[in-house]
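Colleague: Hey, dropping entry-v2.cif in here, mmCIF, C-alpha atoms and all ligand atoms:
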```
data_input
#
loop_
_atom_site.label_atom_id
_atom_site.label_comp_id
_atom_site.auth_asym_id
_atom_site.auth_seq_id
_atom_site.Cartn_x
_atom_site.Cartn_y
_atom_site.Cartn_z
CA MET A 1 91.87 74.40 131.85
CA ALA A 2 92.10 78.00 130.77
CA ASN A 3 89.09 79.38 128.90
CA ARG A 4 90.25 80.17 125.34
CA TRP A 5 88.15 83.39 125.35
CA GLN A 6 89.35 84.68 128.71
CA HIS A 7 91.76 87.19 127.19
CA PHE A 8 88.86 89.09 125.61
CA GLU A 9 87.04 91.97 127.30
CA THR A 10 85.22 91.25 130.54
CA PRO A 11 81.49 92.05 130.52
CA ILE A 12 80.59 95.55 131.68
CA PRO A 13 78.41 95.26 134.80
CA SER A 14 75.02 96.82 134.18
CA THR A 15 72.37 97.49 136.82
CA GLY A 16 69.77 98.82 134.37
CA PRO A 17 68.41 95.47 133.14
CA ALA A 18 68.11 94.23 136.75
CA VAL A 19 66.11 97.34 137.72
CA LEU A 20 63.86 96.94 134.68
CA ALA A 21 63.33 93.23 135.38
CA THR A 22 62.41 94.02 139.00
CA LEU A 23 59.93 96.71 137.98
CA GLY A 24 58.47 94.47 135.29
CA ARG A 25 57.68 91.80 137.91
CA GLN A 26 55.68 94.12 140.20
CA ALA A 27 52.24 92.67 139.60
CA TRP A 28 50.77 94.85 142.37
CA LEU A 29 51.09 97.77 139.94
CA ASP A 30 48.36 96.24 137.79
CA ARG A 31 45.53 97.37 140.02
CA PRO A 32 46.37 101.11 139.91
CA SER A 33 47.13 100.64 136.20
CA TYR A 34 43.64 99.35 135.48
CA ARG A 35 42.11 102.13 137.57
CA LEU A 36 44.02 104.73 135.60
CA GLU A 37 43.13 103.06 132.32
CA HIS A 38 39.44 103.08 133.23
CA ALA A 39 39.67 106.76 134.17
CA LEU A 40 41.30 107.50 130.80
CA THR A 41 38.62 105.50 128.98
CA PHE A 42 35.98 107.57 130.76
CA VAL A 43 37.71 110.84 129.87
CA PHE A 44 37.97 109.85 126.19
CA ALA A 45 34.33 108.71 126.19
CA THR A 46 33.26 112.18 127.31
CA LEU A 47 34.79 113.60 124.12
CA GLY A 48 32.04 111.96 122.07
CA ARG A 49 32.55 112.38 118.34
CA ASN A 50 35.85 114.17 118.91
CA ARG A 51 37.36 111.15 120.62
CA ASP A 52 39.17 109.82 117.56
CA ARG A 53 40.38 113.27 116.53
CA VAL A 54 41.84 113.99 119.97
CA GLY A 55 43.29 110.47 120.24
CA ASN A 56 44.96 110.74 116.82
CA ALA A 57 46.39 114.14 117.73
CA LEU A 58 47.85 112.87 121.02
CA HIS A 59 49.20 109.59 119.61
CA GLY A 60 50.91 111.44 116.74
CA THR A 61 49.01 109.62 113.99
CA TRP A 62 49.00 112.87 111.99
CA LEU A 63 52.81 112.99 112.34
CA GLY A 64 53.45 109.38 111.32
CA HIS A 65 55.46 109.04 114.54
CA PRO A 66 54.59 109.02 118.26
CA LEU A 67 54.26 112.59 119.51
CA HIS A 68 55.24 111.85 123.12
CA PRO A 69 59.04 111.51 122.64
CA ALA A 70 59.14 114.81 120.76
CA LEU A 71 57.22 116.67 123.48
CA THR A 72 59.29 115.28 126.36
CA SER A 73 62.28 117.22 125.09
CA VAL A 74 60.48 120.50 125.96
CA PRO A 75 60.37 120.09 129.78
CA THR A 76 63.69 118.23 129.86
CA GLY A 77 65.48 120.95 127.91
CA ALA A 78 63.76 123.78 129.76
CA VAL A 79 64.70 122.40 133.20
CA ALA A 80 68.28 121.84 132.03
CA THR A 81 68.31 125.53 131.05
CA THR A 82 66.99 126.41 134.51
CA LEU A 83 69.75 124.44 136.20
CA VAL A 84 72.48 126.04 134.09
CA MET A 85 71.14 129.51 134.93
CA ASP A 86 70.94 128.54 138.59
CA ALA A 87 74.59 127.49 138.54
CA ALA A 88 75.59 130.71 136.79
CA SER A 89 73.62 132.79 139.29
CA MET A 90 75.95 131.56 142.04
CA LEU A 91 78.74 133.53 140.41
CA PRO A 92 79.09 137.14 141.52
CA GLY A 93 77.35 139.72 139.33
CA SER A 94 74.12 138.97 137.51
CA ALA A 95 72.10 136.84 139.93
CA ALA A 96 68.88 138.85 139.66
CA ARG A 97 68.58 138.63 135.85
CA LEU A 98 69.46 134.94 135.90
CA HIS A 99 66.84 134.30 138.56
CA ASP A 100 64.20 135.79 136.26
CA GLY A 101 65.44 133.71 133.33
CA SER A 102 65.54 130.46 135.26
CA ARG A 103 62.02 130.98 136.57
CA PHE A 104 60.80 131.69 133.05
CA ALA A 105 62.49 128.50 131.75
CA LEU A 106 60.90 126.53 134.57
CA GLY A 107 57.50 127.92 133.56
CA VAL A 108 58.13 126.66 130.02
CA ALA A 109 58.97 123.25 131.50
CA LEU A 110 55.71 123.16 133.43
CA VAL A 111 53.66 123.95 130.32
CA GLY A 112 55.63 121.36 128.31
CA SER A 113 55.04 118.78 131.05
CA VAL A 114 51.30 119.00 130.48
CA GLY A 115 51.71 118.09 126.80
CA ALA A 116 54.21 115.34 127.57
CA ALA A 117 51.91 113.85 130.22
CA ALA A 118 48.81 113.97 127.98
CA THR A 119 50.57 112.22 125.09
CA GLY A 120 52.32 109.79 127.43
CA VAL A 121 49.20 108.47 129.17
CA THR A 122 47.37 108.25 125.84
CA ASP A 123 50.11 105.94 124.51
CA TRP A 124 50.51 104.10 127.81
CA GLN A 125 46.88 103.00 128.09
CA HIS A 126 47.41 100.47 125.27
CA THR A 127 50.51 98.81 126.72
CA HIS A 128 50.52 95.44 128.48
CA GLU A 129 52.10 93.64 131.43
CA ARG A 130 55.79 94.47 131.84
CA SER A 131 55.69 97.58 129.64
CA ARG A 132 52.58 98.77 131.42
CA ARG A 133 54.20 98.44 134.87
CA ILE A 134 57.40 100.16 133.82
CA GLY A 135 55.34 102.82 132.05
CA LEU A 136 53.34 103.47 135.23
CA VAL A 137 56.53 104.02 137.25
CA HIS A 138 57.86 106.24 134.44
CA GLY A 139 54.70 108.35 134.65
CA ALA A 140 54.72 108.46 138.45
CA LEU A 141 58.32 109.71 138.52
CA ASN A 142 57.43 112.39 135.99
CA ALA A 143 54.40 113.43 138.03
CA ILE A 144 56.53 113.80 141.19
CA ALA A 145 59.18 115.71 139.22
CA THR A 146 56.52 118.05 137.84
CA GLY A 147 55.23 118.65 141.37
CA LEU A 148 58.76 119.59 142.44
CA TYR A 149 59.10 121.95 139.46
CA ALA A 150 55.80 123.61 140.36
CA SER A 151 56.89 124.06 143.96
CA SER A 152 60.27 125.34 142.76
CA TRP A 153 58.58 127.89 140.50
CA TRP A 154 56.45 129.11 143.38
CA ASP A 155 59.42 129.34 145.75
CA ARG A 156 61.37 131.34 143.19
CA ARG A 157 58.45 133.69 142.72
CA ARG A 158 58.38 134.28 146.48
CA GLY A 159 62.11 135.00 146.50
CA ARG A 160 63.16 131.67 148.04
CA HIS A 161 65.73 130.96 145.34
CA ARG A 162 67.91 128.47 147.15
CA ARG A 163 64.98 126.31 148.06
CA GLY A 164 63.64 126.60 144.51
CA MET A 165 67.02 125.56 143.10
CA ALA A 166 67.16 122.52 145.36
CA SER A 167 63.70 121.25 144.41
CA SER A 168 64.24 121.72 140.66
CA ALA A 169 67.60 119.90 140.89
CA LEU A 170 65.91 117.05 142.74
CA GLY A 171 63.11 116.98 140.17
CA TYR A 172 65.63 116.82 137.34
CA GLY A 173 67.22 113.76 138.92
CA LEU A 174 63.80 112.09 138.84
CA THR A 175 63.28 113.23 135.23
CA LEU A 176 66.56 111.58 134.23
CA ALA A 177 65.61 108.34 135.99
CA SER A 178 62.21 108.45 134.34
CA GLY A 179 63.88 109.14 130.97
CA TYR A 180 65.89 105.96 131.39
CA LEU A 181 62.67 103.98 131.88
CA GLY A 182 61.08 105.71 128.88
CA GLY A 183 64.10 104.82 126.76
CA ALA A 184 63.87 101.20 127.89
CA LEU A 185 60.21 101.11 126.83
CA VAL A 186 61.16 102.26 123.34
CA PHE A 187 64.50 100.54 122.73
CA GLY A 188 63.90 97.46 124.86
CA ALA A 189 60.19 96.74 124.56
CA GLY A 190 59.64 98.45 121.19
CA THR A 191 56.81 100.71 122.42
CA GLY A 192 56.17 103.32 119.74
CA VAL A 193 58.37 101.50 117.24
CA ASP A 194 56.85 100.29 113.95
CA ARG A 195 56.18 96.62 114.73
CA SER A 196 54.82 95.59 111.34
CA GLY A 197 57.98 93.58 110.64
CA ALA A 198 59.62 92.61 107.38
CA ARG A 199 58.27 93.93 104.06
CA LEU A 200 57.64 91.78 101.03
CA LEU A 201 60.24 93.14 98.63
CA GLY A 202 60.43 92.52 94.91
CA ASP A 203 59.48 93.74 91.46
CA ARG A 204 57.28 90.91 90.21
CA TRP A 205 53.90 89.34 90.78
CA MET A 206 53.93 86.24 92.99
CA PRO A 207 51.07 83.69 93.06
CA VAL A 208 50.16 83.04 96.69
CA LEU A 209 46.78 81.32 96.93
CA PRO A 210 43.99 79.87 94.76
CA ALA A 211 41.31 82.53 94.52
CA THR A 212 38.69 79.99 95.58
CA ALA A 213 40.39 79.73 99.00
CA LEU A 214 39.28 83.27 99.86
CA ASP A 215 36.05 82.66 101.71
CA GLY A 216 35.41 86.01 103.36
CA ARG A 217 37.77 85.43 106.28
CA PRO A 218 41.30 86.88 106.43
CA HIS A 219 43.96 84.47 105.20
CA ARG A 220 47.61 84.55 106.20
CA VAL A 221 50.11 83.33 103.63
CA ALA A 222 53.90 83.30 103.72
CA VAL A 223 55.57 84.73 100.63
CA ASN A 224 59.35 84.41 100.50
CA GLY A 225 59.30 84.08 104.28
CA VAL A 226 57.23 87.25 104.77
CA GLY A 227 53.73 87.04 106.23
CA VAL A 228 50.95 88.60 104.13
CA VAL A 229 47.27 88.76 105.09
CA LEU A 230 44.61 88.66 102.38
CA TYR A 231 41.09 90.02 102.84
CA ARG A 232 38.23 89.78 100.36
CA THR A 233 35.66 92.54 100.57
CA ASP A 234 33.09 93.83 98.09
CA GLY A 235 34.59 91.66 95.33
CA GLN A 236 38.03 93.17 95.96
CA VAL A 237 41.11 91.45 97.37
CA ILE A 238 43.40 93.37 99.73
CA ALA A 239 46.91 92.29 100.74
CA VAL A 240 48.59 93.76 103.81
CA GLY A 241 51.38 92.98 106.27
CA GLU A 242 50.66 90.34 108.89
CA ARG A 243 51.46 92.51 111.93
CA CYS A 244 49.89 95.73 113.15
CA PRO A 245 52.50 98.54 113.27
CA HIS A 246 51.35 99.54 116.77
CA LEU A 247 52.19 96.51 118.95
CA GLY A 248 52.34 93.72 116.39
CA ALA A 249 48.82 92.27 116.65
CA PRO A 250 48.13 89.50 114.08
CA MET A 251 46.14 91.17 111.32
CA SER A 252 44.75 87.77 110.36
CA ASP A 253 42.51 88.26 113.43
CA GLY A 254 41.45 91.69 112.14
CA TRP A 255 38.42 92.54 110.04
CA ILE A 256 37.06 95.00 107.49
CA ASP A 257 34.61 97.63 108.68
CA ARG A 258 33.14 100.06 106.14
CA GLY A 259 36.22 100.13 103.96
CA ARG A 260 38.69 100.17 106.84
CA ILE A 261 40.91 97.38 108.12
CA VAL A 262 40.53 97.10 111.90
CA CYS A 263 43.28 95.86 114.23
CA PRO A 264 41.97 93.23 116.67
CA TRP A 265 43.86 94.47 119.73
CA HIS A 266 43.39 98.23 120.13
CA GLY A 267 41.17 99.12 117.21
CA SER A 268 43.56 101.03 114.97
CA ARG A 269 41.98 101.50 111.56
CA PHE A 270 43.79 101.47 108.24
CA ALA A 271 42.62 102.47 104.76
CA CYS A 272 41.83 99.44 102.60
CA GLY A 273 43.31 101.12 99.54
CA SER A 274 46.64 102.20 100.99
CA GLY A 275 47.21 100.90 104.54
CA ASP A 276 47.40 104.50 105.79
CA VAL A 277 46.37 105.04 109.41
CA LEU A 278 42.87 106.44 109.82
CA ARG A 279 42.70 106.04 113.57
CA GLY A 280 45.41 105.36 116.19
CA PRO A 281 46.95 104.26 118.42
CA ALA A 282 49.04 103.13 115.42
CA THR A 283 51.11 105.93 113.96
CA ALA A 284 52.82 104.04 111.10
CA ALA A 285 51.00 102.70 108.05
CA LEU A 286 50.18 99.03 107.63
CA PRO A 287 52.30 97.49 104.83
CA HIS A 288 50.07 97.30 101.78
CA TYR A 289 50.72 95.36 98.58
CA PRO A 290 49.28 95.48 95.05
CA VAL A 291 47.18 92.37 94.42
CA ARG A 292 45.42 90.82 91.39
CA ILE A 293 43.78 87.57 90.33
CA ARG A 294 45.30 85.75 87.33
CA ASP A 295 44.41 82.27 86.07
CA GLY A 296 42.49 81.53 89.25
CA PHE A 297 45.36 82.53 91.58
CA VAL A 298 45.73 85.52 93.85
CA GLU A 299 49.00 87.26 93.00
CA VAL A 300 50.76 89.75 95.24
CA HIS A 301 53.37 92.25 94.11
CA GLY A 302 56.29 93.16 96.37
CA VAL A 303 57.35 96.72 97.12
CA PRO A 304 60.60 98.15 95.70
CA LYS A 305 63.77 97.45 97.69
S1 LIG A 401 48.35 96.29 118.09
FE1 LIG A 401 47.52 98.04 118.96
S2 LIG A 401 46.26 98.88 117.45
FE2 LIG A 401 47.08 97.14 116.56
#
```
Once more with this new file: its structure as structure tokens, please.

Modeller:
Amino acid sequence: MANRWQHFETPIPSTGPAVLATLGRQAWLDRPSYRLEHALTFVFATLGRNRDRVGNALHGTWLGHPLHPALTSVPTGAVATTLVMDAASMLPGSAARLHDGSRFALGVALVGSVGAAATGVTDWQHTHERSRRIGLVHGALNAIATGLYASSWWDRRRGRHRRGMASSALGYGLTLASGYLGGALVFGAGTGVDRSGARLLGDRWMPVLPATALDGRPHRVAVNGVGVVLYRTDGQVIAVGERCPHLGAPMSDGWIDRGRIVCPWHGSRFACGSGDVLRGPATAALPHYPVRIRDGFVEVHGVPK
């Protein structure tokens, strides 16, 4: 019998998900991943009291958004400029000036690659399993591409323009492949996306729990289908979203440390009074709700729609 839907569009074949699934299954990548993570932990430990400041700068906590995606556009754009100038230099006329310009653009790409790599590994060290494996391949492709750009720059400086053009073109192919993996980490796995979930919306106070139930431990309650976590500290009650904005850790497993709410997974810290990020890897604020006690009940107020 004919399928009643068969006249609709046929699915578009897509190899991307199969490649990502294959990479995500490569458990042998875990060993080099842990080695790299330990090396990064050691490097950050050597920063001493500046560790949090440097970490926040590289994560993009100060920006309210991951810094890595913004910085990757520098090397990508600069190498694209190099390739366009290389193509134009094949035309008769102005090859010498274009050679200078393309080498300069490639130098910009090399400097930009350092920033992109530093922010990338800082974000990557907190990923897990599938994302971590794909992220490692993403970083390895970028490292090889950067090596090709460096060799291309050197060849151009020595006058070997054709060879320099070939290696930068090859490197750009790797950069594009790596960009695809980076995009999959963001759009597919949600790395770098605010994972705190739905907000409690509304313009009224909602009773959520008898005040006597707050016993010093975090309590998760569902209000209109939205998870809210309540903490009691120093006689104050704090109401926040149930998921950490970084990778969605349950904040009901978190704790209060010297006026800061601490995420249980990677140690992001949020201000008790506002939910603002005090220390990454989170870059987005933790949802934070007004709270009061009335007639023996804890009441939470939604945020405006
Ligand atoms: S889930 Fe990573 S800091 Fe909270």

Colleague: Within 7 Å of ligand LIG 401 (chain A) (counting all atoms listed in the file), which residues show up? I'd like them as number ranges by chain.

Modeller: A: 126, 244-249, 263-268, 280-282

Colleague: What separation in Å, quoted to one decimal, exists between CA of His38 (chain A) and CA of Thr122 (chain A)?

Modeller: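 We find that CA of His38 (chain A) and CA of Thr122 (chain A) lie 12.0 Å from each other.
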
Colleague: Place a sphere of radius 12 Å on (62.1, 89.8, 89.9) in the file coordinates and name every protein, DNA or RNA residue with an atom inside or on its surface, counting all atoms listed in the file; give the answer as a list in words.

Modeller: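 The answer, in the requested form, is Leu201, Gly202, Asp203, Arg204, Trp205, Met206, His301, Gly302, Val303, Pro304 and Lys305 of chain A.
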
Colleague: Using all atoms listed in the file, pick whichever of A:Thr233, A:Leu209, A:Pro75, A:Ala87 has the shortest atom-to-atom distance to Gly171 (chain A).

Modeller: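 Closest candidate: A:Pro75.
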
Colleague: Near region 109-115 of chain A, within 10 Å and counting all atoms listed in the file, which residues show up once chain neighbours fewer than 6 positions away are dropped, as a PyMOL selection string?

Modeller: chain A and resi 58+67-68+71-82+103+142-143+145-147+149-150+153

Colleague: With a distance cut-off of 9 Å and all atoms listed in the file, select the neighbouring residues of Leu181 (chain A), excluding the residue or stretch itself and same-chain residues fewer than 3 positions from it, and output the selection as number ranges by chain.

Modeller: A: 20, 134-135, 137-138, 176-178, 184-186

Colleague: Taking 6 positions as the minimum chain separation for residues in the same chain, which residues sit within 8 Å of region 229-232 of chain A when counting only C-alpha atoms? Answer as JSON, numbers by chain.

Modeller: {"A": [214, 215, 216, 217, 218, 219, 220, 221, 238, 239, 240, 241, 242, 251, 252, 256]}

Colleague: Find the nearest atom pair between each residue of region 65-129 of chain A and region 43-50 of chain A for residues within 12 Å, count all atoms listed in the file, give distances in Å to one decimal, sort rows by chain and ascending number, and present the table as JSON lines.

Modeller:
```
{"residue": "A:Ala118", "atom": "CA", "partner": "A:Val43", "partner_atom": "CA", "distance": 11.7}
{"residue": "A:Val121", "atom": "CA", "partner": "A:Phe44", "partner_atom": "CA", "distance": 11.7}
{"residue": "A:Thr122", "atom": "CA", "partner": "A:Phe44", "partner_atom": "CA", "distance": 9.5}
{"residue": "A:Gln125", "atom": "CA", "partner": "A:Phe44", "partner_atom": "CA", "distance": 11.4}
```

Colleague: Excluding Pro210 (chain A) and residues on its chain fewer than 2 positions from it, collect all residues at most 9 Å away from it, counting all atoms listed in the file, and give them as a list in words.

Modeller: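 After dropping sequence-adjacent residues, the list is Pro207, Val208, Thr212, Ala213, Leu214, Ile293, Gly296, Phe297 and Val298 of chain A.
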
Colleague: I'd like to know which of A:Arg162, A:Arg294, A:Arg133, A:Arg199 is closest to Ser33 (chain A), using only C-alpha atoms.

Modeller: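 Closest candidate: A:Arg133.
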
Colleague: Separation of CA of Val228 (chain A) and CA of Val291 (chain A), in Å?

Modeller: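 Distance between the two atoms: 11.1 Å.
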
Colleague: In terms of the shortest atom-to-atom distance over all atoms listed in the file, which of A:Ala57, A:Leu98, A:Ala285, A:Ala189 is closest to Ala21 (chain A)?

Modeller: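 Using all atoms listed in the file, the shortest distance to Ala21 (chain A) belongs to A:Ala189.
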
Colleague: Which of these residues is nearest to Gly197 (chain A), using only C-alpha atoms: A:Arg243, A:Arg156, A:His161, A:Arg130?

Modeller: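 Closest to Gly197 (chain A) of all the choices is A:Arg243.
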
Colleague: What is the distance between CA of Val226 (chain A) and CA of Ala198 (chain A), in Å to one decimal?

Modeller: 6.4 Å

Colleague: Between A:Val300, A:Ala140, A:Val223, A:Ala169, which has the minimum distance to Leu36 (chain A) (counting all atoms listed in the file)?

Modeller: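 Looking only at the distances to Leu36 (chain A), the closest residue turns out to be A:Ala140.
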
Colleague: Between A:Asp30, A:Asp257, A:Asp100, A:Glu9, which one has atoms that come closest to Ser131 (chain A), using all atoms listed in the file?

Modeller: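 Checking each of A:Asp30, A:Asp257, A:Asp100, A:Glu9 against Ser131 (chain A), counting all atoms listed in the file, the winner is A:Asp30.
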